[in-house]
Amino acid sequence: MAEKELREDSQPQPLKVEITEPDTNAHYVSQTITNPVNNEFHDKPSASQGIFTTQLRHVVSLPNMPHICNKESDEEMKKLTPKIYTGTISLCECFAIDWGWCSLIAYGTGNLVNIHSSHNLKLIQTLDGHKAGVVMVKWRRENFTHSLSTPYFPVVASADNLGCIIVWNVSEAVKLSTFSDGQRPILDMKWVPMQDASSDLLLALHPQYSLVMWNTATGTKLWKKSYTFEILSFDFNIFDSSSLLLLSSECLVTINDFTLSQSSSSDGKKLYFVKRSQKLQKESNISKQGQRTITPSDLNKVNAGNSLFSTSEITSNENPLELVFLPSLRDHVLILFPYEIDIIDLDMRLVVGMVLLDRNASPFLRVFPCSQRDAFYTLQENSSISLRVRKTNVAAKPTENGESFSLIDESEMQYGVKCQSDLIRVTRTNKVVGMCVSPVNEKSVVVVTSDGRLFQWNIIIVPFLSGSRCNIFVEKFNNPIGATSNAMPLRSISSQIPQCLSDLFLPTHVFSRNLSLFKGSKPIHLRFLLTCINSTVGAFPQCLQMGPPLTTRNWMQYKPLIAVGLSSGIIQIIDLGIGKTYRSIAVHSTQVRGITWYSLHQMISFSYSGLTSFRNEICITDIETGHTRNIRNEKTDSSNIEAIKVSTSKSYFIVVFKEKPFELWDLKSLRLLREMKSQFSLISSLEWSPSSYKIQRSNEESSSLPKENVVFTDKAGYLYNFTVEGGAIMSASKTPPERGMNGVTTISWKGDCMTLGDTEGYVSLWDLKQRQAKGMMCVRGGAVRKIRFAPGKGNTFILVLLAEGLDIWKINETKLIDSIRIKSTDGVKIVDADWCSSENPVVLFSDGTMRIFDCNLSKTMSSIPQWFREEMFCPYLISINQSMLLKHLLYMDCDLGCQKNNNLEVVTIQLQRVPSSTKRFLMSSAPLEDRCLRIARLFGDESEVRFWLLASYYLKYYSKVDDFENQHTILDTSFDHLMLKEDFKEFQLQKLKIRQGMKNKSQELVQYCSNKYILLNEPNAASELLLDTECDHDLFYSNALLTCLLNSKLTDENIAKLVATNLIASDHLTEGVQLLTMYDKVTDACKYLQSYGEWNKAVWLAKCRLSPDEEFQEITRRWVDFLANPPINLKSNAIHVLLAAGQFSSVISHMVTAHQHERAALFIKCLRSHNFEVDYSKYEKDIDDVIKRVQSSLGIQSLSESKS
C-alpha cells in the first residue's frame, strides 16, 4: 500500500499546473517583456487558433502519462543496454564537433562518435565503427520536405584518418553506408545544402587536393575532381548553387560551374593573399589568365577596406584556419586567421571588414557565422566565446519628445563584441578542442574541452542599467571595431520570450521605412549564461566499482551508479541510466587504487603513495553530500594497501596489505578493531561469506557487532576460514591448496559456490553445499586479476578479468560464453571490469573508454531506449509513424478520435514535452503562419522554417495589415533577392556608399561602383566616380566619354539598342547591359542576362529597376521556370521566389508538384485567414486526398470526418 501511494504521489501534475520539461528560455529577464498578454492561456480558442489549441488542450487536460511512472517503465529505465562512455579527446579529433537541426550534438573522440542531447547534454549514443581517429563529423541538413518516404531521423557522417566515411542512423546505431577513396584522410566534408534533388549527397576533400562527390544512400562515387594546388577546406555558396569556394594557404579559388551531376570543367579563378609587409607598386601587378592579385595600399590601419586579403604582420607560419560564407550577406566570405578575421566581398574582390586581435591576446580557434542576424561567434584558445555583431546603421539623438532615429552612412563594416563568456580553466593538458552553435536558435553554444567536458552557454537578456541611455548610444556608434563593452546599441521590442537570436534584438541593418520599429524599443544587454555541464570518463582511470545491485528493497531509490577512480584522486560517479556524470568528488591526494560501495550513497576508497614507506589513505565518502572523511590520519606504513573488503552485514571491513597482515575495522564507528600481528600469514586474496550471518528482528537496534565468516588464502595457497565477532578473530579451518593451483590471486563467493583464480590463468570451482570441488577452468589469458559473479538470484554467469583479457563463463554448465583478448601491440589494456547489471559487464580500458557489453561480449552499441526517447521533445528519435503522427496532430486539422493507436502513448508524451513558452504561444491568438513557424523550429525542420519565415512576412505585407511598418517581423539581409524591391535597392545603395567611402580607392573599385550606379539609375554618383579617374590612366578617355553619354542621352533609343545588341553579341555583355539600362531598356537587359545564364545579375537588376509589376513578374516567371527545371531542381527556391512576388496561386501549384501537400494545405488556411482571393480549387481536392491517405495510414482522421 505504501509503495502504491508513493507511486501516485510521484506522478507529475497536469501541465497547466506544472510543466514536465523545464523551459530552456526561463533565463530571460522578465523586465524585457513589455506585453505578456500573449503568454497566458485563453479560456476559449478563437476561430484562428485552429487545431493547435484543440490538441494541446486535449493534452493539457490530462495528467502526465502514467507510463513513465509505473513499474514496467521503471524496469525499462533501470535496464541497461550496451553503450560506450568515452574519455579524453586527443589532438586528432580537435574541432570534430557539430550541432544538427535534430537538436543533437555529435563529436569525435578516438575512433568513436559521441551523441549528446542538446537539452541537458546527456550522452544518449556512442557510435563505434572506425578503425582510426575520427577527424570530422557532420549532421545531415534537413532542408527538404519530410514525409513518410523522407522521414525525420538523425543522420550523421563521420570521417577518420584513414579516409573512411561512415553514415549513421543515430537512433538505431546502424551504419547506413561506408565508403572511402583509398586510405587518404579527410581534410573537409560537407553535406550539399541544395537538397531538393537529393538529401544524401556529401562532398569530401582528400589530400593531394581532390574533391569527391558521394551518394551516401548507396555509397557510390558520383564524380571526382583533382587539382594541382593545395586545398585546405571549401564551402558552398548558399545564395548560388553553382558556386563553390576553395581555400588554400596562399589564395582563394572560386568555382562558378559547380554541379551535382558532374565535376567542374575548370580549375576556377585564384585570388591571392597579400602579406601586410609587402608593398608592391602598381607596375608590378601582372594579370594572369584565371588569376588575379590586388595589393594593399595601407594595411596598418584597422579599416582594411583597401586591399584584398591581408594576413598578419608575420605570416610565414600563419595559414588560414577556416573559410566560411556569410549566410547573412550574399558573396561575402569570412576567413579566420589566428589573430585576424577578414570579411571579403567576392563580387568586388576586396576586404570590407576586419577584426584584429592584439598579439598578446589569446588567438582565435573557430568561428561560426549566423544567418538570422549579421553576426558571428568566435572561440579563442583561452576558452572565451564572443558574439560579434555588426554595427547598426541607425543613430539615436535625444529630443524634447524622447529619441529621434535616423540612418547614417557607414564607412566600413564594423563588428563589435556584444557579449563574451566567462573563461573555463584551461591548462597545457586541458585545452578547448571544439565549439558548435545551435542552427535552430543560434543563441546556444556548446564548447568541448580535451578532458571530455561539455559546457553549454545560452545568450540571455539582462536589464540595461548603466549610464545615460542616449549618451551610451552616441558613444557606442562611434566605437572602433573590437570594443569589448557590453553596453550596446541593440534594441528589443519582442513581447515574447526569445526563442532564437532574431528574437533577441532587431536587425543591425535597418531601412528608412523601418525606423519606426525603434520607437518604444528598449536598449538591451546580452550575456552568456552557463546552463549545463557534462563530462565523460576522466583522464587516466585506475579502477571502477558498480554500486549495489537493484533489489526489491531499494527499488524506489535505486540508480545505476558506477564509481570510477582517477589518477588525480577524483572519484567520478556516473549514472549509466541517463548517461551523465552524477558527481565528481576530489577524495584523495594521489591516484585512486580501489573503491568499495557499502550503501546506495556511501563508499570506501583507498590510495597510497611512496616507495619504501607508504602513506595509505582510506576515505569514507557520501556521494549525496560530497562529504569525505580520511580515517587513517596520515599514518605511515611499511606496506601499501592491496584491497579493502566490506562484510556482507556492512558492519566490518578488512584492510588487506601487500607485505603485512591485515587490519579489521568497525565500519559503523570507523574505529580499528584489531591489527594482526606480524607473525600472521600474508594474505593473497580474501572474501567475506555472503550468507554466514543472521540478524534477528529483536537485535536490529542492538549495538553489538554480528558474527560473520571470512575466508582468505596465503602466499602458499592455503585456504583459511575465520570467524569474526566484535574484535575477536577465531580460526575455524585450514584447507591445503588444490592440485594444479599456483598461487591464488582472487576469491569470489556467491551462495553455495566459491571460485578461486590463480597466477596461471586457472579458475577453481567449489560447491560448498556438497563440500567438493567441481573442477577447474583453464582460461589461458595470464594471471587472474578479478572474478565477479553476476548479480541476481540463480544467475550463474561469472566475469573473469585476466592480465591479457576478459572471459564470461556460465559456471553451472562450465561453459565459456565469450572472451576478449588484448595483444601487447594493441596499445590499450583492460584496467578493470565489473557487472553493471545481471546481463551486462562493464569494462574500463586504458584509453579512458568504459564499455557496457552484452553478455556475449559482442555488442557495445544499441538503439536508444524508448524511455530515453520520451524524455525530451525530439521527433528524430521516435519511430517514423510516431513522428509523422506528431507532425499531423500539431499542424493539420485531425484528431485521434476513439481509435486505438499503438503510437498514441508516445505521441502524447512528446506533446507534453513541448516547452511551456511554445505551448502558450500555440494556444494564443497569434497568426496561423507564426504558429507554423514556431512548430517548424520546434521540429528542427530547416525547410519548413525558411518557408514560414517568408510566409509570415509576405502574408502580412500583401494583406495590407494595419501598421505593417511597425510589425516585429523584419526580413533580414540573409534573404537577399527575396527582400522587398525598395528594401533591396536601398541596401545595394548603402553597400555602394560603404565601398565608395573607402580611402585610396583602386581604379578597379571605381569602375565597379560606377557600373553599379549606372545600373541603379544613379547618374550623378556614377559621373562623380568616373570623373575622378587619373589622367594618366588607360581608362581616362573612355570614362570621360561614358560620363558624357550618361548625362546627354541624345542618341536615338533604337540606335542605342542596336549598339547594345552588337556589344552583347561581341561578348561584351556588361557594357551592352549597361547601355540598355542607361536608356531604360531594363527588361531587355534582364532578358539578355538570363539568356546568357547570368540569372542572379538579372534578378538583381530587376529588383532594383523594374517598377511596373507586369515587367517584374515576367522576369520572375522566367527565373522560376529556370529554378524548377529538372536539371537545376531547386523547386523550394522557386516557391520562395513566387511567395516573395505575391503569386500565391503559383505557390500552391508548385508545392503540389513538389509533393508538399501538408504545407500547401496549411498555406491555403493562412490565405483564408488573411482573406486573400486566390483560386486554389483545382488543387484542393488533390491535396485533401493525399492528406487523407497519409492520415489513414497513421490511424487518424480529420476533424470534419470525426464530427460527422
# chains A, B, ... in the order shown; residues from 1 in each chain; ligands from 1
>>> residues_around(residues="A:Leu1058", least_positions_apart="4", cutoff="12 Å", atoms="only C-alpha atoms", output="PDB file with C-alpha atoms, in the first residue's frame")
ATOM      1  CA  THR A1051      21.303  59.218 -79.178  1.00  0.00           C
ATOM      2  CA  ASP A1052      18.122  57.683 -80.582  1.00  0.00           C
ATOM      3  CA  GLU A1053      16.903  54.769 -78.421  1.00  0.00           C
ATOM      4  CA  ASN A1054      16.787  52.402 -81.392  1.00  0.00           C
ATOM      5  CA  ASN A1062      26.199  44.356 -81.077  1.00  0.00           C
ATOM      6  CA  LEU A1063      28.200  44.701 -77.869  1.00  0.00           C
ATOM      7  CA  ILE A1064      26.462  41.712 -76.326  1.00  0.00           C
ATOM      8  CA  ALA A1065      26.918  39.648 -79.488  1.00  0.00           C
ATOM      9  CA  GLY A1072      25.773  46.112 -73.531  1.00  0.00           C
ATOM     10  CA  VAL A1073      23.599  45.731 -70.420  1.00  0.00           C
ATOM     11  CA  LEU A1075      23.987  50.805 -72.268  1.00  0.00           C
ATOM     12  CA  LEU A1076      20.481  49.325 -72.224  1.00  0.00           C
ATOM     13  CA  TYR A1079      18.124  54.169 -71.928  1.00  0.00           C
ATOM     14  CA  LYS A1081      15.604  49.257 -71.508  1.00  0.00           C
ATOM     15  CA  ASP A1084      15.595  43.835 -72.365  1.00  0.00           C
TER      16      ASP A1084
END
>>> select_by_dssp(residues="stretch 63-205 of chain A", states="alpha helix (DSSP H)", output="list in words")
Lys71, Glu72, Ser73, Asp74, Glu75, Glu76, Met77 and Lys78 of chain A
>>> write_last_selection(atoms="C-alpha atoms", output="PDB file, in the first residue's frame")
ATOM      1  CA  LYS A  71       6.732  -0.307 -12.616  1.00  0.00           C
ATOM      2  CA  GLU A  72       7.095  -1.506 -16.180  1.00  0.00           C
ATOM      3  CA  SER A  73       8.558   1.831 -17.233  1.00  0.00           C
ATOM      4  CA  ASP A  74      10.820   1.895 -14.189  1.00  0.00           C
ATOM      5  CA  GLU A  75      12.145  -1.502 -15.168  1.00  0.00           C
ATOM      6  CA  GLU A  76      12.810  -0.194 -18.657  1.00  0.00           C
ATOM      7  CA  MET A  77      14.606   2.868 -17.309  1.00  0.00           C
ATOM      8  CA  LYS A  78      16.768   0.829 -14.946  1.00  0.00           C
TER       9      LYS A  78
END
>>> atom_distance(atom1="atom CA of A:Cys778", atom2="atom CA of A:Val656")
27.2 Å
>>> residues_around(residues="stretch 721-731 of chain A", least_positions_apart="2", cutoff="6 Å", atoms="only C-alpha atoms", output="PDB file with N, CA and C atoms, in the first residue's frame")
ATOM      1  N   LEU A 673      39.455  -2.216  14.991  1.00  0.00           N
ATOM      2  CA  LEU A 673      39.156  -3.249  15.988  1.00  0.00           C
ATOM      3  C   LEU A 673      40.380  -4.093  16.307  1.00  0.00           C
ATOM      4  N   LEU A 705      28.121  -6.101  17.513  1.00  0.00           N
ATOM      5  CA  LEU A 705      28.502  -6.450  16.148  1.00  0.00           C
ATOM      6  C   LEU A 705      28.161  -7.897  15.865  1.00  0.00           C
ATOM      7  N   PRO A 706      27.682  -8.208  14.649  1.00  0.00           N
ATOM      8  CA  PRO A 706      27.263  -9.576  14.343  1.00  0.00           C
ATOM      9  C   PRO A 706      28.464 -10.505  14.131  1.00  0.00           C
ATOM     10  N   LYS A 707      28.138 -11.774  14.060  1.00  0.00           N
ATOM     11  CA  LYS A 707      29.137 -12.807  13.816  1.00  0.00           C
ATOM     12  C   LYS A 707      29.139 -13.130  12.333  1.00  0.00           C
ATOM     13  N   GLU A 708      30.336 -13.082  11.723  1.00  0.00           N
ATOM     14  CA  GLU A 708      30.446 -13.342  10.284  1.00  0.00           C
ATOM     15  C   GLU A 708      31.675 -14.190  10.011  1.00  0.00           C
ATOM     16  N   ASN A 709      31.673 -14.800   8.824  1.00  0.00           N
ATOM     17  CA  ASN A 709      32.791 -15.631   8.390  1.00  0.00           C
ATOM     18  C   ASN A 709      33.541 -14.953   7.253  1.00  0.00           C
ATOM     19  N   VAL A 710      34.841 -15.182   7.232  1.00  0.00           N
ATOM     20  CA  VAL A 710      35.690 -14.663   6.183  1.00  0.00           C
ATOM     21  C   VAL A 710      36.680 -15.742   5.784  1.00  0.00           C
ATOM     22  N   VAL A 711      36.977 -15.843   4.500  1.00  0.00           N
ATOM     23  CA  VAL A 711      37.969 -16.793   4.006  1.00  0.00           C
ATOM     24  C   VAL A 711      39.064 -16.016   3.298  1.00  0.00           C
ATOM     25  N   SER A 733      39.014 -23.282  10.148  1.00  0.00           N
ATOM     26  CA  SER A 733      39.566 -24.402   9.376  1.00  0.00           C
ATOM     27  C   SER A 733      40.696 -23.910   8.504  1.00  0.00           C
TER      28      SER A 733
END
>>> select_by_dssp(residues="stretch 837-1029 of chain A", states="strand (DSSP E or B)", output="list in words")
Pro841, Val842, Val843, Leu844, Phe845, Met850, Arg851, Ile852, Cys894 and Asp895 of chain A
>>> write_last_selection(atoms="C-alpha atoms", output="PDB file, in the first residue's frame")
ATOM      1  CA  PRO A 841      29.528  -6.452 -17.927  1.00  0.00           C
ATOM      2  CA  VAL A 842      31.194  -3.044 -17.895  1.00  0.00           C
ATOM      3  CA  VAL A 843      34.871  -2.879 -18.875  1.00  0.00           C
ATOM      4  CA  LEU A 844      37.266   0.007 -18.291  1.00  0.00           C
ATOM      5  CA  PHE A 845      40.094   0.393 -20.812  1.00  0.00           C
ATOM      6  CA  MET A 850      34.205   2.470 -20.422  1.00  0.00           C
ATOM      7  CA  ARG A 851      32.203  -0.027 -22.425  1.00  0.00           C
ATOM      8  CA  ILE A 852      28.999  -1.787 -21.435  1.00  0.00           C
ATOM      9  CA  CYS A 894      -7.050  15.988 -37.417  1.00  0.00           C
ATOM     10  CA  ASP A 895      -7.976  14.072 -34.284  1.00  0.00           C
TER      11      ASP A 895
END
>>> closest_residue(among="A:Pro369, A:Gly782, A:Pro736, A:Pro320", to="A:Asp714", atoms="only C-alpha atoms")
A:Pro736
>>> closest_residue(among="A:Leu600, A:Leu1069, A:Val1120, A:Ile562", to="A:Tyr1092", atoms="only C-alpha atoms")
A:Leu1069
>>> closest_atom_pairs(of="stretch 597-689 of chain A", to="stretch 579-591 of chain A", cutoff="8 Å", atoms="only C-alpha atoms", output="Markdown table")
| residue | atom | partner | partner_atom | distance |
| --- | --- | --- | --- | --- |
| A:Phe606 | CA | A:His588 | CA | 7.8 |
| A:Ser607 | CA | A:Gln591 | CA | 6.2 |
| A:Tyr608 | CA | A:Thr590 | CA | 6.8 |
| A:Ser609 | CA | A:Thr590 | CA | 6.8 |
| A:Glu617 | CA | A:His588 | CA | 7.3 |
| A:Cys619 | CA | A:Val587 | CA | 7.2 |
| A:Thr621 | CA | A:Val587 | CA | 7.7 |
| A:Ile623 | CA | A:Arg583 | CA | 7.0 |
| A:Gly626 | CA | A:Ile585 | CA | 6.6 |
| A:Thr628 | CA | A:Val587 | CA | 6.5 |
>>> atom_distance(atom1="atom CA of A:Asp503", atom2="atom CA of A:Glu942")
17.5 Å
>>> closest_atom_pairs(of="stretch 1043-1151 of chain A", to="stretch 1169-1174 of chain A", cutoff="12 Å", atoms="only C-alpha atoms", output="JSON lines")
{"residue": "A:Gly1142", "atom": "CA", "partner": "A:Phe1172", "partner_atom": "CA", "distance": 10.7}
{"residue": "A:Gln1143", "atom": "CA", "partner": "A:Val1174", "partner_atom": "CA", "distance": 9.2}
{"residue": "A:Phe1144", "atom": "CA", "partner": "A:Val1174", "partner_atom": "CA", "distance": 7.1}
{"residue": "A:Ser1145", "atom": "CA", "partner": "A:Val1174", "partner_atom": "CA", "distance": 6.1}
{"residue": "A:Ser1146", "atom": "CA", "partner": "A:Val1174", "partner_atom": "CA", "distance": 9.8}
{"residue": "A:Val1147", "atom": "CA", "partner": "A:Val1174", "partner_atom": "CA", "distance": 10.7}
{"residue": "A:Ile1148", "atom": "CA", "partner": "A:Val1174", "partner_atom": "CA", "distance": 9.9}
{"residue": "A:Ser1149", "atom": "CA", "partner": "A:Val1174", "partner_atom": "CA", "distance": 11.7}
>>> residues_around(residues="A:Val945", least_positions_apart="4", cutoff="10 Å", atoms="only C-alpha atoms", output="list of chain:residue names")
A:Asn143, A:Val440, A:Cys932, A:Leu933, A:Arg934, A:Ile935, A:Ala936, A:Arg937, A:Leu938, A:Phe939, A:Gly940, A:Asp941, A:Leu949, A:Leu950, A:Ala951
>>> write_last_selection(atoms="all heavy atoms", output="JSON list (two decimals), in the first residue's frame")
[["chain", "number", "residue", "atom", "x", "y", "z"],
["A", 143, "ASN", "N", 17.05, 20.34, -45.02],
["A", 143, "ASN", "CA", 16.47, 21.31, -45.94],
["A", 143, "ASN", "C", 15.68, 20.61, -47.04],
["A", 143, "ASN", "O", 15.89, 20.85, -48.23],
["A", 143, "ASN", "CB", 17.58, 22.19, -46.54],
["A", 143, "ASN", "CG", 17.03, 23.41, -47.22],
["A", 143, "ASN", "OD1", 15.92, 23.84, -46.97],
["A", 143, "ASN", "ND2", 17.82, 23.98, -48.13],
["A", 440, "VAL", "N", 19.25, 25.99, -35.06],
["A", 440, "VAL", "CA", 17.84, 26.35, -34.96],
["A", 440, "VAL", "C", 17.65, 27.71, -34.32],
["A", 440, "VAL", "O", 16.99, 28.59, -34.88],
["A", 440, "VAL", "CB", 17.06, 25.27, -34.17],
["A", 440, "VAL", "CG1", 15.59, 25.65, -34.08],
["A", 440, "VAL", "CG2", 17.21, 23.91, -34.82],
["A", 932, "CYS", "N", 2.86, 28.19, -37.20],
["A", 932, "CYS", "CA", 3.53, 27.17, -38.03],
["A", 932, "CYS", "C", 5.05, 27.33, -37.96],
["A", 932, "CYS", "O", 5.78, 26.34, -37.92],
["A", 932, "CYS", "CB", 3.05, 27.28, -39.47],
["A", 932, "CYS", "SG", 1.36, 26.72, -39.76],
["A", 933, "LEU", "N", 5.51, 28.57, -37.95],
["A", 933, "LEU", "CA", 6.95, 28.83, -37.83],
["A", 933, "LEU", "C", 7.48, 28.32, -36.49],
["A", 933, "LEU", "O", 8.55, 27.72, -36.43],
["A", 933, "LEU", "CB", 7.22, 30.32, -37.98],
["A", 933, "LEU", "CG", 8.65, 30.79, -37.73],
["A", 933, "LEU", "CD1", 9.62, 30.11, -38.69],
["A", 933, "LEU", "CD2", 8.75, 32.31, -37.86],
["A", 934, "ARG", "N", 6.73, 28.54, -35.41],
["A", 934, "ARG", "CA", 7.17, 28.06, -34.10],
["A", 934, "ARG", "C", 7.25, 26.53, -34.08],
["A", 934, "ARG", "O", 8.20, 25.96, -33.52],
["A", 934, "ARG", "CB", 6.21, 28.56, -33.03],
["A", 934, "ARG", "CG", 6.60, 28.14, -31.61],
["A", 934, "ARG", "CD", 7.89, 28.77, -31.17],
["A", 934, "ARG", "NE", 7.77, 30.20, -31.02],
["A", 934, "ARG", "CZ", 7.40, 30.79, -29.87],
["A", 934, "ARG", "NH1", 7.14, 30.06, -28.80],
["A", 934, "ARG", "NH2", 7.33, 32.09, -29.81],
["A", 935, "ILE", "N", 6.30, 25.87, -34.69],
["A", 935, "ILE", "CA", 6.33, 24.40, -34.73],
["A", 935, "ILE", "C", 7.49, 23.91, -35.58],
["A", 935, "ILE", "O", 8.15, 22.91, -35.26],
["A", 935, "ILE", "CB", 4.99, 23.85, -35.26],
["A", 935, "ILE", "CG1", 3.86, 24.18, -34.28],
["A", 935, "ILE", "CG2", 5.06, 22.34, -35.46],
["A", 935, "ILE", "CD1", 2.49, 23.77, -34.77],
["A", 936, "ALA", "N", 7.76, 24.61, -36.69],
["A", 936, "ALA", "CA", 8.88, 24.22, -37.55],
["A", 936, "ALA", "C", 10.19, 24.29, -36.79],
["A", 936, "ALA", "O", 11.04, 23.41, -36.90],
["A", 936, "ALA", "CB", 8.92, 25.11, -38.78],
["A", 937, "ARG", "N", 10.37, 25.33, -35.98],
["A", 937, "ARG", "CA", 11.58, 25.43, -35.16],
["A", 937, "ARG", "C", 11.59, 24.36, -34.09],
["A", 937, "ARG", "O", 12.65, 23.83, -33.74],
["A", 937, "ARG", "CB", 11.66, 26.82, -34.54],
["A", 937, "ARG", "CG", 12.11, 27.90, -35.52],
["A", 937, "ARG", "CD", 12.11, 29.27, -34.88],
["A", 937, "ARG", "NE", 12.71, 30.26, -35.79],
["A", 937, "ARG", "CZ", 12.46, 31.55, -35.74],
["A", 937, "ARG", "NH1", 11.61, 32.02, -34.84],
["A", 937, "ARG", "NH2", 13.04, 32.38, -36.59],
["A", 938, "LEU", "N", 10.44, 24.05, -33.54],
["A", 938, "LEU", "CA", 10.36, 23.00, -32.54],
["A", 938, "LEU", "C", 10.78, 21.66, -33.12],
["A", 938, "LEU", "O", 11.48, 20.89, -32.47],
["A", 938, "LEU", "CB", 8.93, 22.93, -32.00],
["A", 938, "LEU", "CG", 8.64, 21.90, -30.90],
["A", 938, "LEU", "CD1", 9.36, 22.28, -29.62],
["A", 938, "LEU", "CD2", 7.14, 21.79, -30.67],
["A", 939, "PHE", "N", 10.41, 21.39, -34.35],
["A", 939, "PHE", "CA", 10.76, 20.14, -35.02],
["A", 939, "PHE", "C", 12.19, 20.14, -35.55],
["A", 939, "PHE", "O", 12.72, 19.09, -35.88],
["A", 939, "PHE", "CB", 9.79, 19.87, -36.17],
["A", 939, "PHE", "CG", 8.57, 19.08, -35.78],
["A", 939, "PHE", "CD1", 7.60, 19.66, -34.98],
["A", 939, "PHE", "CD2", 8.40, 17.78, -36.18],
["A", 939, "PHE", "CE1", 6.48, 18.95, -34.60],
["A", 939, "PHE", "CE2", 7.28, 17.05, -35.81],
["A", 939, "PHE", "CZ", 6.31, 17.65, -35.01],
["A", 940, "GLY", "N", 12.81, 21.31, -35.65],
["A", 940, "GLY", "CA", 14.13, 21.37, -36.28],
["A", 940, "GLY", "C", 14.06, 21.06, -37.76],
["A", 940, "GLY", "O", 14.92, 20.38, -38.31],
["A", 941, "ASP", "N", 13.03, 21.60, -38.42],
["A", 941, "ASP", "CA", 12.81, 21.36, -39.85],
["A", 941, "ASP", "C", 13.29, 22.58, -40.62],
["A", 941, "ASP", "O", 12.62, 23.62, -40.67],
["A", 941, "ASP", "CB", 11.32, 21.10, -40.10],
["A", 941, "ASP", "CG", 11.05, 20.54, -41.48],
["A", 941, "ASP", "OD1", 11.78, 20.91, -42.42],
["A", 941, "ASP", "OD2", 10.13, 19.72, -41.63],
["A", 949, "LEU", "N", 9.07, 31.54, -42.40],
["A", 949, "LEU", "CA", 9.62, 32.88, -42.18],
["A", 949, "LEU", "C", 9.19, 33.83, -43.30],
["A", 949, "LEU", "O", 8.75, 34.96, -43.04],
["A", 949, "LEU", "CB", 11.14, 32.81, -42.11],
["A", 949, "LEU", "CG", 11.78, 32.59, -40.75],
["A", 949, "LEU", "CD1", 13.28, 32.36, -40.89],
["A", 949, "LEU", "CD2", 11.51, 33.77, -39.83],
["A", 950, "LEU", "N", 9.31, 33.36, -44.54],
["A", 950, "LEU", "CA", 8.89, 34.18, -45.67],
["A", 950, "LEU", "C", 7.39, 34.37, -45.68],
["A", 950, "LEU", "O", 6.88, 35.47, -45.93],
["A", 950, "LEU", "CB", 9.35, 33.53, -46.97],
["A", 950, "LEU", "CG", 10.81, 33.73, -47.40],
["A", 950, "LEU", "CD1", 11.15, 32.85, -48.57],
["A", 950, "LEU", "CD2", 11.05, 35.19, -47.74],
["A", 951, "ALA", "N", 6.66, 33.28, -45.42],
["A", 951, "ALA", "CA", 5.19, 33.38, -45.45],
["A", 951, "ALA", "C", 4.69, 34.34, -44.39],
["A", 951, "ALA", "O", 3.77, 35.13, -44.63],
["A", 951, "ALA", "CB", 4.58, 31.99, -45.25]]
>>> atom_distance(atom1="atom CA of A:Ser1193", atom2="atom CA of A:Met872")
25.6 Å
>>> closest_residue(among="A:Leu211, A:Cys1009, A:Met754, A:Gly761", to="A:Ile994", atoms="only C-alpha atoms")
A:Cys1009
>>> closest_residue(among="A:Gly848, A:Pro661, A:Gly353, A:Pro865", to="A:Gln679", atoms="only C-alpha atoms")
A:Pro661
>>> residues_around(residues="A:Asn554", least_positions_apart="6", cutoff="12 Å", atoms="only C-alpha atoms", output="compact mmCIF listing (two decimals) with all heavy atoms, in the first residue's frame")
# COMPACT_ATOMS: atom_id res chain seq x y z
N GLU A 3 3.86 1.50 -1.12
CA GLU A 3 4.52 1.64 -2.43
C GLU A 3 3.56 2.24 -3.44
O GLU A 3 3.93 3.09 -4.25
CB GLU A 3 5.02 0.28 -2.90
CG GLU A 3 5.77 0.34 -4.23
CD GLU A 3 6.25 -1.03 -4.64
OE1 GLU A 3 6.19 -1.95 -3.82
OE2 GLU A 3 6.68 -1.15 -5.79
N GLY A 547 27.82 0.24 -8.24
CA GLY A 547 27.09 0.39 -6.98
C GLY A 547 26.31 -0.85 -6.63
O GLY A 547 26.25 -1.83 -7.40
N PRO A 548 25.69 -0.88 -5.46
CA PRO A 548 24.89 -2.04 -5.04
C PRO A 548 23.86 -2.40 -6.08
O PRO A 548 23.27 -1.52 -6.72
CB PRO A 548 24.25 -1.56 -3.73
CG PRO A 548 25.17 -0.50 -3.23
CD PRO A 548 25.71 0.18 -4.45
N PRO A 560 21.43 3.35 -11.32
CA PRO A 560 22.58 2.56 -11.78
C PRO A 560 23.87 3.38 -11.79
O PRO A 560 24.34 3.83 -12.84
CB PRO A 560 22.18 2.11 -13.18
CG PRO A 560 21.23 3.16 -13.65
CD PRO A 560 20.49 3.65 -12.43
N SER A 599 26.73 1.12 0.63
CA SER A 599 25.31 1.51 0.60
C SER A 599 25.06 2.20 -0.72
O SER A 599 25.96 2.37 -1.53
CB SER A 599 24.97 2.42 1.78
OG SER A 599 25.49 3.72 1.59
N LEU A 600 23.80 2.62 -0.93
CA LEU A 600 23.46 3.27 -2.18
C LEU A 600 24.15 4.62 -2.35
O LEU A 600 24.34 5.10 -3.46
CB LEU A 600 21.94 3.46 -2.29
CG LEU A 600 21.11 2.20 -2.53
CD1 LEU A 600 19.63 2.54 -2.51
CD2 LEU A 600 21.48 1.54 -3.84
N HIS A 601 24.57 5.23 -1.23
CA HIS A 601 25.12 6.58 -1.30
C HIS A 601 26.48 6.71 -0.65
O HIS A 601 27.02 7.82 -0.59
CB HIS A 601 24.15 7.58 -0.65
CG HIS A 601 22.76 7.51 -1.16
ND1 HIS A 601 22.45 7.72 -2.49
CD2 HIS A 601 21.58 7.22 -0.54
CE1 HIS A 601 21.14 7.60 -2.67
NE2 HIS A 601 20.59 7.28 -1.50
>>> residues_around(residues="stretch 132-137 of chain A", least_positions_apart="3", cutoff="8 Å", atoms="only C-alpha atoms", output="PyMOL selection string")
chain A and resi 92-98+106-113+156-162+186+188-189
>>> closest_residue(among="A:Val167, A:Ala716, A:Leu80, A:Leu1162", to="A:Asp854", atoms="only C-alpha atoms")
A:Leu80
